[in-house]
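Engineer: mmCIF, C-alpha atoms and all ligand atoms, file structure.cif:
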```
data_run
#
loop_
_atom_site.label_atom_id
_atom_site.label_comp_id
_atom_site.auth_asym_id
_atom_site.auth_seq_id
_atom_site.Cartn_x
_atom_site.Cartn_y
_atom_site.Cartn_z
CA VAL A 1 90.88 11.29 281.63
CA ARG A 2 89.84 11.35 285.29
CA ALA A 3 92.66 10.84 287.79
CA VAL A 4 93.25 11.26 291.53
CA GLN A 5 96.17 13.56 292.24
CA PHE A 6 97.68 15.66 295.00
CA GLY A 7 99.24 19.03 294.30
CA SER A 8 100.66 19.54 297.77
CA TYR A 9 101.69 17.21 300.60
CA GLY A 10 99.28 16.56 303.44
CA GLY A 11 96.51 14.35 304.80
CA PRO A 12 94.08 12.29 302.68
CA GLU A 13 92.08 15.47 302.00
CA VAL A 14 94.76 16.72 299.57
CA LEU A 15 93.68 13.99 297.12
CA GLU A 16 91.61 15.50 294.33
CA LEU A 17 89.66 14.02 291.44
CA VAL A 18 90.93 15.96 288.39
CA GLU A 19 91.03 15.78 284.59
CA ILE A 20 94.46 15.07 283.09
CA ASP A 21 95.73 14.54 279.54
CA GLU A 22 95.47 10.91 278.55
CA PRO A 23 98.77 9.08 279.14
CA HIS A 24 100.44 7.09 276.35
CA ALA A 25 102.56 3.96 276.38
CA GLY A 26 106.25 4.67 275.76
CA PRO A 27 108.72 2.15 274.34
CA GLY A 28 108.40 -1.22 276.07
CA GLN A 29 105.25 -0.13 277.91
CA VAL A 30 101.52 -0.77 277.63
CA ARG A 31 98.54 1.38 278.50
CA ILE A 32 95.55 -0.16 280.25
CA LYS A 33 91.97 0.87 280.75
CA VAL A 34 92.10 0.62 284.52
CA ARG A 35 89.59 -1.59 286.32
CA THR A 36 91.17 -1.75 289.80
CA LEU A 37 94.21 -0.51 291.64
CA GLY A 38 95.99 -1.65 294.76
CA VAL A 39 96.65 0.79 297.61
CA ASN A 40 100.09 0.53 299.23
CA PRO A 41 101.59 2.25 302.29
CA ALA A 42 103.97 3.98 299.86
CA ASP A 43 100.96 5.81 298.38
CA TRP A 44 100.25 7.73 301.59
CA LYS A 45 103.96 8.07 302.39
CA PHE A 46 104.35 9.89 299.04
CA ARG A 47 101.14 11.89 299.66
CA SER A 48 102.17 13.01 303.15
CA GLY A 49 105.60 14.11 301.91
CA SER A 50 107.45 11.70 304.19
CA LEU A 51 109.20 10.13 301.18
CA ALA A 52 109.95 13.46 299.49
CA ALA A 53 113.53 13.72 300.77
CA ILE A 54 114.60 10.24 299.65
CA LEU A 55 112.34 9.76 296.61
CA PRO A 56 111.59 13.24 295.20
CA ARG A 57 108.62 13.43 292.80
CA GLU A 58 107.15 16.29 290.81
CA LEU A 59 103.77 17.62 291.97
CA PRO A 60 100.97 17.28 291.11
CA MET A 61 101.40 13.53 291.38
CA THR A 62 98.84 10.87 290.46
CA THR A 63 98.57 8.48 293.40
CA GLY A 64 99.04 4.71 293.14
CA SER A 65 101.71 2.41 291.77
CA GLU A 66 99.91 -0.74 290.68
CA ALA A 67 96.82 -1.37 288.62
CA ALA A 68 94.87 -4.02 286.75
CA GLY A 69 92.87 -3.63 283.57
CA THR A 70 92.78 -4.27 279.83
CA ILE A 71 95.59 -3.30 277.44
CA ASP A 72 94.31 -0.71 274.96
CA GLU A 73 97.61 0.69 273.62
CA VAL A 74 101.07 -0.80 273.19
CA GLY A 75 104.33 1.14 273.03
CA GLU A 76 107.17 0.67 270.56
CA GLY A 77 108.65 -2.81 270.74
CA VAL A 78 105.56 -4.38 272.35
CA GLU A 79 103.53 -6.93 270.36
CA GLU A 80 100.20 -5.62 269.07
CA ALA A 81 98.73 -9.04 269.79
CA LEU A 82 98.60 -7.97 273.45
CA LEU A 83 95.83 -5.45 272.73
CA GLY A 84 92.71 -6.53 274.61
CA THR A 85 94.61 -8.68 277.13
CA ASP A 86 93.64 -8.43 280.80
CA VAL A 87 96.76 -7.74 282.89
CA PHE A 88 98.00 -6.33 286.17
CA GLY A 89 101.30 -4.64 286.89
CA SER A 90 103.41 -1.70 288.00
CA ALA A 91 102.25 1.73 286.90
CA ILE A 92 104.57 4.45 285.70
CA GLY A 93 103.32 7.93 286.48
CA GLY A 94 100.45 6.86 288.73
CA ALA A 95 97.76 4.19 288.81
CA ALA A 96 94.71 6.11 290.00
CA ALA A 97 93.32 7.15 286.63
CA GLU A 98 90.94 5.83 284.00
CA TYR A 99 93.99 4.93 281.89
CA ALA A 100 97.43 4.05 283.25
CA VAL A 101 100.78 3.11 281.73
CA LEU A 102 102.42 -0.09 282.96
CA GLY A 103 106.17 -0.67 282.80
CA SER A 104 105.85 -4.35 283.68
CA TRP A 105 102.79 -6.55 283.58
CA THR A 106 101.51 -10.11 283.94
CA ALA A 107 98.47 -11.67 282.26
CA LYS A 108 95.44 -11.96 284.53
CA PRO A 109 94.04 -15.49 284.41
CA PRO A 110 90.23 -15.56 283.99
CA GLU A 111 89.74 -17.36 287.31
CA LEU A 112 91.22 -14.44 289.28
CA SER A 113 89.14 -11.27 289.63
CA PHE A 114 90.41 -7.77 288.87
CA GLU A 115 89.95 -7.04 292.59
CA GLU A 116 92.22 -9.90 293.65
CA VAL A 117 95.04 -9.26 291.17
CA ALA A 118 95.15 -5.58 292.19
CA GLY A 119 97.22 -6.79 295.15
CA TYR A 120 99.60 -9.10 293.30
CA ALA A 121 102.28 -6.97 291.62
CA ALA A 122 103.99 -4.95 294.36
CA ALA A 123 103.60 -7.45 297.19
CA THR A 124 104.86 -10.47 295.28
CA GLU A 125 107.84 -8.56 293.88
CA THR A 126 108.78 -7.30 297.35
CA ALA A 127 108.24 -10.72 298.92
CA ARG A 128 110.37 -12.67 296.46
CA ARG A 129 113.10 -10.02 296.50
CA ALA A 130 113.18 -9.90 300.32
CA LEU A 131 113.34 -13.69 300.58
CA GLY A 132 116.21 -13.66 298.10
CA TYR A 133 118.35 -11.55 300.45
CA LEU A 134 118.02 -14.02 303.32
CA PRO A 135 120.37 -17.00 303.42
CA LEU A 136 118.08 -19.78 304.67
CA PRO A 137 118.97 -23.47 304.88
CA THR A 138 116.75 -25.95 303.00
CA GLY A 139 113.69 -26.67 305.12
CA GLY A 140 114.71 -23.96 307.62
CA THR A 141 112.48 -21.85 309.86
CA LEU A 142 111.50 -18.28 308.99
CA VAL A 143 109.76 -15.67 311.14
CA VAL A 144 107.66 -13.09 309.28
CA ASN A 145 106.93 -10.05 311.46
CA GLY A 146 103.79 -8.43 310.03
CA ALA A 147 102.53 -11.55 308.27
CA ALA A 148 98.91 -10.44 307.72
CA GLY A 149 99.56 -7.47 305.44
CA ASN A 150 99.81 -7.47 301.67
CA VAL A 151 103.57 -8.07 301.60
CA GLY A 152 103.56 -10.36 304.65
CA LEU A 153 100.98 -12.72 303.12
CA ALA A 154 102.99 -12.93 299.90
CA ILE A 155 106.16 -13.76 301.86
CA VAL A 156 104.34 -16.40 303.91
CA GLN A 157 102.97 -18.14 300.83
CA PHE A 158 106.21 -18.05 298.82
CA ALA A 159 108.17 -19.31 301.85
CA VAL A 160 105.68 -22.14 302.47
CA ALA A 161 105.92 -23.05 298.76
CA ASP A 162 109.72 -23.06 299.12
CA GLY A 163 109.41 -25.65 301.89
CA PHE A 164 110.25 -23.47 304.90
CA THR A 165 108.53 -23.63 308.26
CA VAL A 166 106.96 -20.18 308.65
CA VAL A 167 105.95 -18.43 311.86
CA GLY A 168 103.96 -15.24 311.25
CA THR A 169 103.14 -12.49 313.74
CA ALA A 170 99.72 -10.87 313.51
CA ARG A 171 96.71 -9.85 315.56
CA GLU A 172 94.66 -12.80 316.74
CA ALA A 173 91.85 -11.91 314.29
CA ASN A 174 94.21 -12.73 311.41
CA HIS A 175 95.50 -16.05 312.74
CA GLU A 176 92.97 -18.34 311.09
CA LYS A 177 93.88 -17.14 307.59
CA LEU A 178 97.61 -17.50 308.32
CA ARG A 179 96.99 -21.06 309.49
CA GLN A 180 95.04 -21.83 306.29
CA LEU A 181 98.00 -20.55 304.25
CA GLY A 182 100.38 -22.91 306.00
CA ALA A 183 101.98 -20.60 308.58
CA ILE A 184 102.11 -20.90 312.36
CA PRO A 185 100.57 -17.69 313.72
CA THR A 186 101.48 -15.92 316.93
CA THR A 187 100.72 -12.49 318.33
CA TYR A 188 103.20 -9.64 318.36
CA GLY A 189 103.87 -7.48 321.44
CA ASP A 190 105.21 -8.35 324.90
CA GLY A 191 106.59 -11.88 325.18
CA MET A 192 106.85 -12.39 321.41
CA ILE A 193 110.35 -13.90 321.63
CA ASP A 194 109.26 -16.47 324.22
CA ARG A 195 106.18 -17.41 322.22
CA ILE A 196 108.23 -17.89 319.04
CA ARG A 197 110.89 -19.91 320.87
CA ALA A 198 108.19 -22.18 322.29
CA LEU A 199 106.77 -22.70 318.78
CA CYS A 200 110.24 -23.32 317.27
CA PRO A 201 112.27 -25.70 319.45
CA GLN A 202 114.37 -26.33 316.32
CA GLY A 203 115.47 -22.66 316.37
CA VAL A 204 114.85 -19.77 313.96
CA ASP A 205 117.07 -19.45 310.86
CA GLY A 206 115.91 -16.11 309.53
CA ALA A 207 113.44 -13.28 310.03
CA LEU A 208 111.77 -10.84 307.67
CA ASP A 209 110.34 -7.67 309.19
CA VAL A 210 107.47 -6.18 307.21
CA ALA A 211 105.80 -4.25 310.04
CA GLY A 212 108.68 -1.94 310.98
CA ASN A 213 107.52 -1.64 314.60
CA GLY A 214 110.99 -1.54 316.16
CA VAL A 215 111.50 -5.25 316.88
CA LEU A 216 114.77 -5.73 315.01
CA PRO A 217 116.73 -6.33 318.27
CA GLU A 218 114.30 -9.15 319.15
CA LEU A 219 114.56 -10.66 315.65
CA ILE A 220 118.38 -10.51 315.84
CA GLU A 221 118.22 -12.25 319.21
CA LEU A 222 115.95 -14.96 317.80
CA THR A 223 118.10 -15.69 314.74
CA GLY A 224 121.46 -15.07 316.43
CA SER A 225 122.75 -12.60 313.82
CA PRO A 226 121.72 -9.32 312.10
CA GLU A 227 122.70 -10.95 308.83
CA GLN A 228 119.84 -13.39 309.26
CA VAL A 229 117.34 -10.53 309.46
CA VAL A 230 115.99 -8.33 306.64
CA THR A 231 113.53 -5.45 307.04
CA VAL A 232 111.54 -3.76 304.28
CA ALA A 233 109.89 -1.34 306.69
CA ASP A 234 112.36 -0.18 309.37
CA PRO A 235 114.79 2.55 308.23
CA THR A 236 116.90 1.97 311.37
CA GLY A 237 117.90 -1.46 310.02
CA PRO A 238 121.35 -0.49 308.72
CA GLU A 239 122.32 1.02 312.13
CA GLN A 240 121.70 -2.43 313.57
CA GLY A 241 123.50 -4.33 310.83
CA VAL A 242 120.19 -5.35 309.22
CA LEU A 243 119.66 -5.06 305.47
CA TYR A 244 116.93 -2.54 304.54
CA PRO A 245 116.48 -2.83 300.78
CA ARG A 246 114.43 -0.33 298.78
CA GLY A 247 112.46 -1.30 295.71
CA GLY A 248 113.11 -0.39 292.11
CA GLY A 249 116.77 -1.42 291.72
CA PRO A 250 118.42 -4.16 289.67
CA ASP A 251 117.38 -6.74 292.29
CA ARG A 252 113.74 -6.50 291.20
CA ALA A 253 112.13 -9.94 291.35
CA VAL A 254 110.55 -9.62 287.92
CA GLY A 255 109.15 -13.15 287.81
CA ALA A 256 107.36 -12.98 291.18
CA PRO A 257 103.87 -11.94 289.98
CA ALA A 258 103.83 -14.80 287.44
CA GLU A 259 105.04 -17.18 290.13
CA ALA A 260 102.11 -16.12 292.33
CA VAL A 261 99.65 -16.62 289.45
CA ALA A 262 101.05 -20.12 288.85
CA LEU A 263 100.78 -20.97 292.56
CA ALA A 264 97.23 -19.56 292.64
CA ALA A 265 96.26 -21.94 289.82
CA GLN A 266 97.34 -24.78 292.12
CA GLY A 267 95.40 -23.33 295.07
CA ARG A 268 98.65 -22.36 296.81
CA PHE A 269 98.46 -18.56 296.62
CA GLU A 270 95.74 -16.04 297.34
CA MET A 271 95.58 -12.37 298.25
CA PRO A 272 92.54 -11.63 300.39
CA VAL A 273 90.92 -8.27 299.67
CA ARG A 274 90.77 -6.26 302.91
CA ALA A 275 88.29 -3.73 301.56
CA THR A 276 87.23 -2.15 298.27
CA PHE A 277 86.50 1.53 297.69
CA PRO A 278 85.03 3.35 294.69
CA PHE A 279 87.38 5.59 292.71
CA GLU A 280 85.87 8.75 294.21
CA GLN A 281 86.72 7.52 297.73
CA ILE A 282 90.45 6.84 297.44
CA ALA A 283 91.02 9.14 300.42
CA ASP A 284 89.15 6.61 302.59
CA ALA A 285 91.33 3.82 301.20
CA HIS A 286 94.41 5.82 302.26
CA ARG A 287 92.87 6.35 305.72
CA LEU A 288 92.35 2.61 306.15
CA SER A 289 95.90 1.84 304.99
CA GLU A 290 97.26 4.42 307.42
CA THR A 291 95.74 2.52 310.37
CA GLY A 292 98.51 -0.05 309.74
CA HIS A 293 96.24 -3.00 310.57
CA GLY A 294 94.21 -5.51 308.64
CA LEU A 295 94.39 -8.63 306.52
CA GLY A 296 95.34 -8.53 302.83
CA LYS A 297 94.97 -5.84 300.20
CA ILE A 298 93.06 -2.56 300.02
CA VAL A 299 91.61 -2.18 296.52
CA VAL A 300 90.07 0.74 294.64
CA VAL A 301 87.58 -0.03 291.89
CA VAL A 302 87.90 2.44 289.03
CA ASP A 303 85.59 0.72 286.55
CA GLN A 304 83.36 -2.28 287.38
N1 LIG A 401 111.36 -1.66 300.96
C1 LIG A 401 110.56 -2.12 300.04
O1 LIG A 401 110.97 -2.54 298.95
C2 LIG A 401 109.08 -2.18 300.31
C3 LIG A 401 108.18 -2.61 299.32
C4 LIG A 401 106.82 -2.72 299.65
C5 LIG A 401 106.38 -2.37 300.93
N2 LIG A 401 107.29 -1.90 301.84
C6 LIG A 401 106.85 -1.54 303.20
O2 LIG A 401 106.42 -2.72 303.87
C7 LIG A 401 105.45 -2.37 304.85
C8 LIG A 401 104.24 -3.28 304.75
O3 LIG A 401 103.57 -3.07 303.53
P1 LIG A 401 102.18 -3.79 303.24
O4 LIG A 401 101.75 -3.39 301.88
O5 LIG A 401 102.26 -5.22 303.58
O6 LIG A 401 101.25 -3.06 304.34
P2 LIG A 401 99.85 -3.50 304.92
O7 LIG A 401 99.14 -4.34 303.92
O8 LIG A 401 99.20 -2.27 305.41
O9 LIG A 401 100.18 -4.44 306.15
C9 LIG A 401 100.70 -4.01 307.34
C10 LIG A 401 100.51 -5.15 308.33
O10 LIG A 401 101.28 -4.91 309.49
C11 LIG A 401 100.65 -5.59 310.54
N3 LIG A 401 101.10 -4.99 311.80
C12 LIG A 401 100.77 -3.77 312.30
N4 LIG A 401 101.42 -3.57 313.47
C13 LIG A 401 102.18 -4.68 313.68
C14 LIG A 401 103.08 -5.07 314.68
N5 LIG A 401 103.33 -4.27 315.73
N6 LIG A 401 103.69 -6.27 314.59
C15 LIG A 401 103.45 -7.08 313.54
N7 LIG A 401 102.59 -6.77 312.55
C16 LIG A 401 101.97 -5.58 312.62
C17 LIG A 401 99.18 -5.47 310.32
O11 LIG A 401 98.53 -6.68 310.72
P3 LIG A 401 97.60 -6.81 312.00
O12 LIG A 401 96.21 -6.47 311.53
O13 LIG A 401 97.78 -8.24 312.35
O14 LIG A 401 98.12 -5.82 313.03
C18 LIG A 401 99.07 -5.31 308.79
O15 LIG A 401 98.55 -6.46 308.20
C19 LIG A 401 105.15 -0.88 304.66
O16 LIG A 401 105.90 -0.13 305.59
C20 LIG A 401 105.65 -0.62 303.25
O17 LIG A 401 105.99 0.75 303.05
C21 LIG A 401 108.61 -1.81 301.55
#
```
Could you express the structure from this file as C-alpha cells?
Ligand SMILES: NC(=O)c1ccc[n+]([C@@H]2O[C@H](COP(=O)([O-])OP(=O)(O)OC[C@H]3O[C@@H](n4cnc5c(N)ncnc54)[C@H](OP(=O)(O)O)[C@@H]3O)[C@@H](O)[C@H]2O)c1
Structural biologist:
Amino acid sequence: VRAVQFGSYGGPEVLELVEIDEPHAGPGQVRIKVRTLGVNPADWKFRSGSLAAILPRELPMTTGSEAAGTIDEVGEGVEEALLGTDVFGSAIGGAAAEYAVLGSWTAKPPELSFEEVAGYAAATETARRALGYLPLPTGGTLVVNGAAGNVGLAIVQFAVADGFTVVGTAREANHEKLRQLGAIPTTYGDGMIDRIRALCPQGVDGALDVAGNGVLPELIELTGSPEQVVTVADPTGPEQGVLYPRGGGPDRAVGAPAEAVALAAQGRFEMPVRATFPFEQIADAHRLSETGHGLGKIVVVVDQ
C-alpha cells in the first residue's frame, strides 16, 4: 500500500512516498479505500516536530488525520452492511495512504463530492466543540477571528444556523464568501477593535480565535471578559484566562459532521476547496497550508 510518511522531523521535503503494510480495521473501526484527504495545520505541526513535546508520536508517521473514501473492511462490532458505503471521517494511524482506518465516520451523501467532504470531519468537530465552550445568549453576537479558514468557516456556518449574529475577520479577498454564508466580514490588523465596535453597536457577547495571531487581549476587551473568549490556536490563552482546548478528549463533538451534512442538504453549509493536489504532491499541500492564508480546505486526491 502506498503511503506518505516522514521518518524524521523537518520541512515538507521530509515527506516520502513509501510502501507500507496494508492497515486493518480494529474493533469498532472501518477501513476505507481512500479517495481524498484533508490537509490540516496539525499535519505540518506534527511533521515539523513542533507538536512532538505535547503529542509524542512514533516515527515514521503517516501524515494526515482525515480522509474520505469507500468502506472495504469492517472491524469487529461494525455492521457488514456498511461495506461499499462512501464515508468521510477521522483516520487512526494516518490518512495519506491508499487505504486508511477510520475511528469515526459519517456517510457521504451523493450530492457532495469526495473533494468537498475531505474538509468536513476535523473542522466541524472543532467548530461545534469550540462553540460549546462559549456561553452565548440566544441571538447574541459572536466574533470569529480567522473566519476564512477550514475551522473558521465551519464555526461561522454553525453559529449562523444557531441564530447568532456573526462577525468574521479575514483578508478582503475572502469577504464575499463570508457574506454569502451569513457573516459580517471585516479585516484583521490595526484598528480591528474599532471596526468591530462600529459593526456591532449592540456589543459583542463572545469571541472564538481560530487564527492564533496574538489578538486575545483585543478579543477580551471587545467581549469584556476572558471567559467570553475561546482560542483553538493560541497556546498563550490560559495565561490570559482564555480557554485553549485541545482535540481528542471526552468533549469531542461527535455529531458535528452529520450536522454539517444535514445543513448542506438544506443549502446552509459548504466547505469551499482552497486547492487540490495529487497524492504525489502532498509536500506542496503542506507548503500552502503553512502560508496560513486562504479560503476553505486544502485537499489531496489519492484516487480519482
Ligand atoms: N485546538 C483544537 O482542537 C484545534 C483543532 C483544529 C484546528 N486547530 C487549529 O486552528 C487553527 C486553524 O485551523 P484551520 O484548519 O482553520 O487552518 P486554515 O484552514 O489554514 O485557516 C487559517 C486561516 O487563518 C486566517 N488568518 C491568517 N492570519 C490571520 C490573522 N492575522 N487574523 C485573522 N485570520 C487570519 C487565514 O485567512 P486569510 O486568508 O483571510 O488571512 C486562513 O483562512 C490552526 O492553528 C489549527 O492548528 C485547533
Engineer: Return as CSV the residues of chain A lying at most 6 Å from ligand LIG 401 (chain A), together with the closest atom-to-atom pair for each and the distance in Å to one decimal, counting only C-alpha atoms and all ligand atoms, with rows in chain order and ascending residue number.
Structural biologist:
```
residue,atom,partner,partner_atom,distance
A:Asn40,CA,A:LIG401,O4,5.0
A:Pro41,CA,A:LIG401,O17,4.7
A:Ala42,CA,A:LIG401,O17,5.0
A:Thr126,CA,A:LIG401,C3,5.1
A:Asn145,CA,A:LIG401,C15,5.0
A:Gly146,CA,A:LIG401,N7,3.2
A:Ala148,CA,A:LIG401,O15,4.0
A:Gly149,CA,A:LIG401,O15,3.1
A:Asn150,CA,A:LIG401,O5,3.8
A:Val151,CA,A:LIG401,O5,3.7
A:Gly152,CA,A:LIG401,O5,5.4
A:Thr169,CA,A:LIG401,C15,5.4
A:Ala170,CA,A:LIG401,O13,3.5
A:Arg171,CA,A:LIG401,O13,3.7
A:Asn174,CA,A:LIG401,O13,5.8
A:Tyr188,CA,A:LIG401,N6,5.1
A:Val210,CA,A:LIG401,C7,4.9
A:Ala211,CA,A:LIG401,O10,4.6
A:Asn213,CA,A:LIG401,N5,5.1
A:Val232,CA,A:LIG401,N1,3.9
A:Ala233,CA,A:LIG401,O16,4.3
A:Pro245,CA,A:LIG401,N1,5.3
A:Arg246,CA,A:LIG401,N1,4.0
A:Gly247,CA,A:LIG401,O1,3.8
A:Ser289,CA,A:LIG401,O8,5.3
A:Gly292,CA,A:LIG401,O8,4.9
A:His293,CA,A:LIG401,O12,3.6
A:Gly294,CA,A:LIG401,O12,3.6
A:Leu295,CA,A:LIG401,O15,5.0
A:Gly296,CA,A:LIG401,O7,5.8
A:Lys297,CA,A:LIG401,O7,5.8
```
Engineer: Which residues come within 7 Å of A:Gly168, counting all atoms listed in the file, excluding same-chain residues fewer than 2 positions away, as a count of residues only?
Structural biologist: 11
Engineer: Would you compute the distance between atom CA of A:Gly206 and atom CA of A:Ile155? Give it in Å to one decimal.
Structural biologist: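 Taking atom CA of A:Gly206 as the start and atom CA of A:Ile155 as the end point, the length is 12.6 Å.
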Engineer: Calculated over only C-alpha atoms, which of the candidates A:Leu102, A:Ile54, A:Val156, A:Ile193 has the smallest distance to A:Val34?
Structural biologist: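 When distances to A:Val34 are compared using only C-alpha atoms, the smallest one comes from A:Leu102.
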Engineer: Could you tell me how far atom CA of A:Thr36 sits from atom CA of A:Met271, in Å to one decimal place?
Structural biologist: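 These atoms are spaced 14.3 Å apart.
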Engineer: Between A:Gly77, A:Gln180, A:Ala265, A:Leu142, which is the closest to A:Leu222 once you count all atoms listed in the file?
Structural biologist: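 Between A:Gly77, A:Gln180, A:Ala265, A:Leu142, the residue approaching A:Leu222 most closely is A:Leu142.
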Engineer: Which value, in Å to one decimal, gives the distance between atom CA of A:Gly89 and atom CA of A:Val242?
Structural biologist: 29.3 Å
Engineer: Pick the closest to A:Val18 from A:Ala97, A:Val78, A:Ala154, A:Leu216: which is it, counting all atoms listed in the file?
Structural biologist: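 Of A:Ala97, A:Val78, A:Ala154, A:Leu216, the one nearest A:Val18 is A:Ala97, counting all atoms listed in the file.
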Engineer: Report as a PyMOL selection string all protein, DNA and RNA residues lying within 10 Å of stretch 57-66 of chain A, evaluated on all atoms listed in the file, omitting residues in the same chain fewer than 2 positions from it.
Structural biologist: chain A and resi 3-9+15-18+20+36-44+46-47+49+51-55+68+88-97+100-102+104-105+117-122+282+300
Engineer: Between A:Lys45, A:Gln29, A:Asp209, A:Leu136, which has the minimum distance to A:Pro12 (counting all atoms listed in the file)?
Structural biologist: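 Among A:Lys45, A:Gln29, A:Asp209, A:Leu136, it is A:Lys45 that comes nearest to A:Pro12.
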Engineer: Choose the residue, out of A:Gly248, A:Glu221, A:Gly11, A:Glu76, that has the smallest atom-to-atom separation from A:Ser50; count all atoms listed in the file.
Structural biologist: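 Smallest distance to A:Ser50 is found for A:Gly11.
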Engineer: Residues within 8 Å of A:Arg128, please, as a list of chain:residue names. Count all atoms listed in the file; anything in the same chain fewer than 3 positions from it doesn't count.
Structural biologist: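 The residues satisfying every condition are A:Thr124, A:Glu125, A:Leu131, A:Gly132, A:Ile155, A:Phe158, A:Ala253, A:Ala256.
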Engineer: Kindly provide the residues of stretch 212-241 of chain A that approach stretch 199-205 of chain A to within 9 Å, each paired with its closest atom pair and their distance in Å to one decimal, based on all atoms listed in the file, listed by chain and increasing number, as JSON lines.
Structural biologist:
```
{"residue": "A:Leu222", "atom": "CA", "partner": "A:Val204", "partner_atom": "CA", "distance": 6.3}
{"residue": "A:Thr223", "atom": "CA", "partner": "A:Val204", "partner_atom": "CA", "distance": 5.3}
{"residue": "A:Gly224", "atom": "CA", "partner": "A:Asp205", "partner_atom": "CA", "distance": 8.3}
{"residue": "A:Gln228", "atom": "CA", "partner": "A:Asp205", "partner_atom": "CA", "distance": 6.9}
```
Engineer: Could you please give me, as a PDB file with C-alpha atoms, in the coordinates of the input, the residues of protein, DNA or RNA lying at most 8 Å from (121.5, -11.4, 303.1) in the coordinate frame of the file, considering only C-alpha atoms?
Structural biologist:
```pdb
ATOM      1  CA  GLY A 132     116.210 -13.660 298.100  1.00  0.00           C
ATOM      2  CA  TYR A 133     118.350 -11.550 300.450  1.00  0.00           C
ATOM      3  CA  LEU A 134     118.020 -14.020 303.320  1.00  0.00           C
ATOM      4  CA  PRO A 135     120.370 -17.000 303.420  1.00  0.00           C
ATOM      5  CA  GLU A 227     122.700 -10.950 308.830  1.00  0.00           C
ATOM      6  CA  GLN A 228     119.840 -13.390 309.260  1.00  0.00           C
ATOM      7  CA  VAL A 229     117.340 -10.530 309.460  1.00  0.00           C
ATOM      8  CA  VAL A 230     115.990  -8.330 306.640  1.00  0.00           C
ATOM      9  CA  LEU A 243     119.660  -5.060 305.470  1.00  0.00           C
TER      10      LEU A 243
END
```
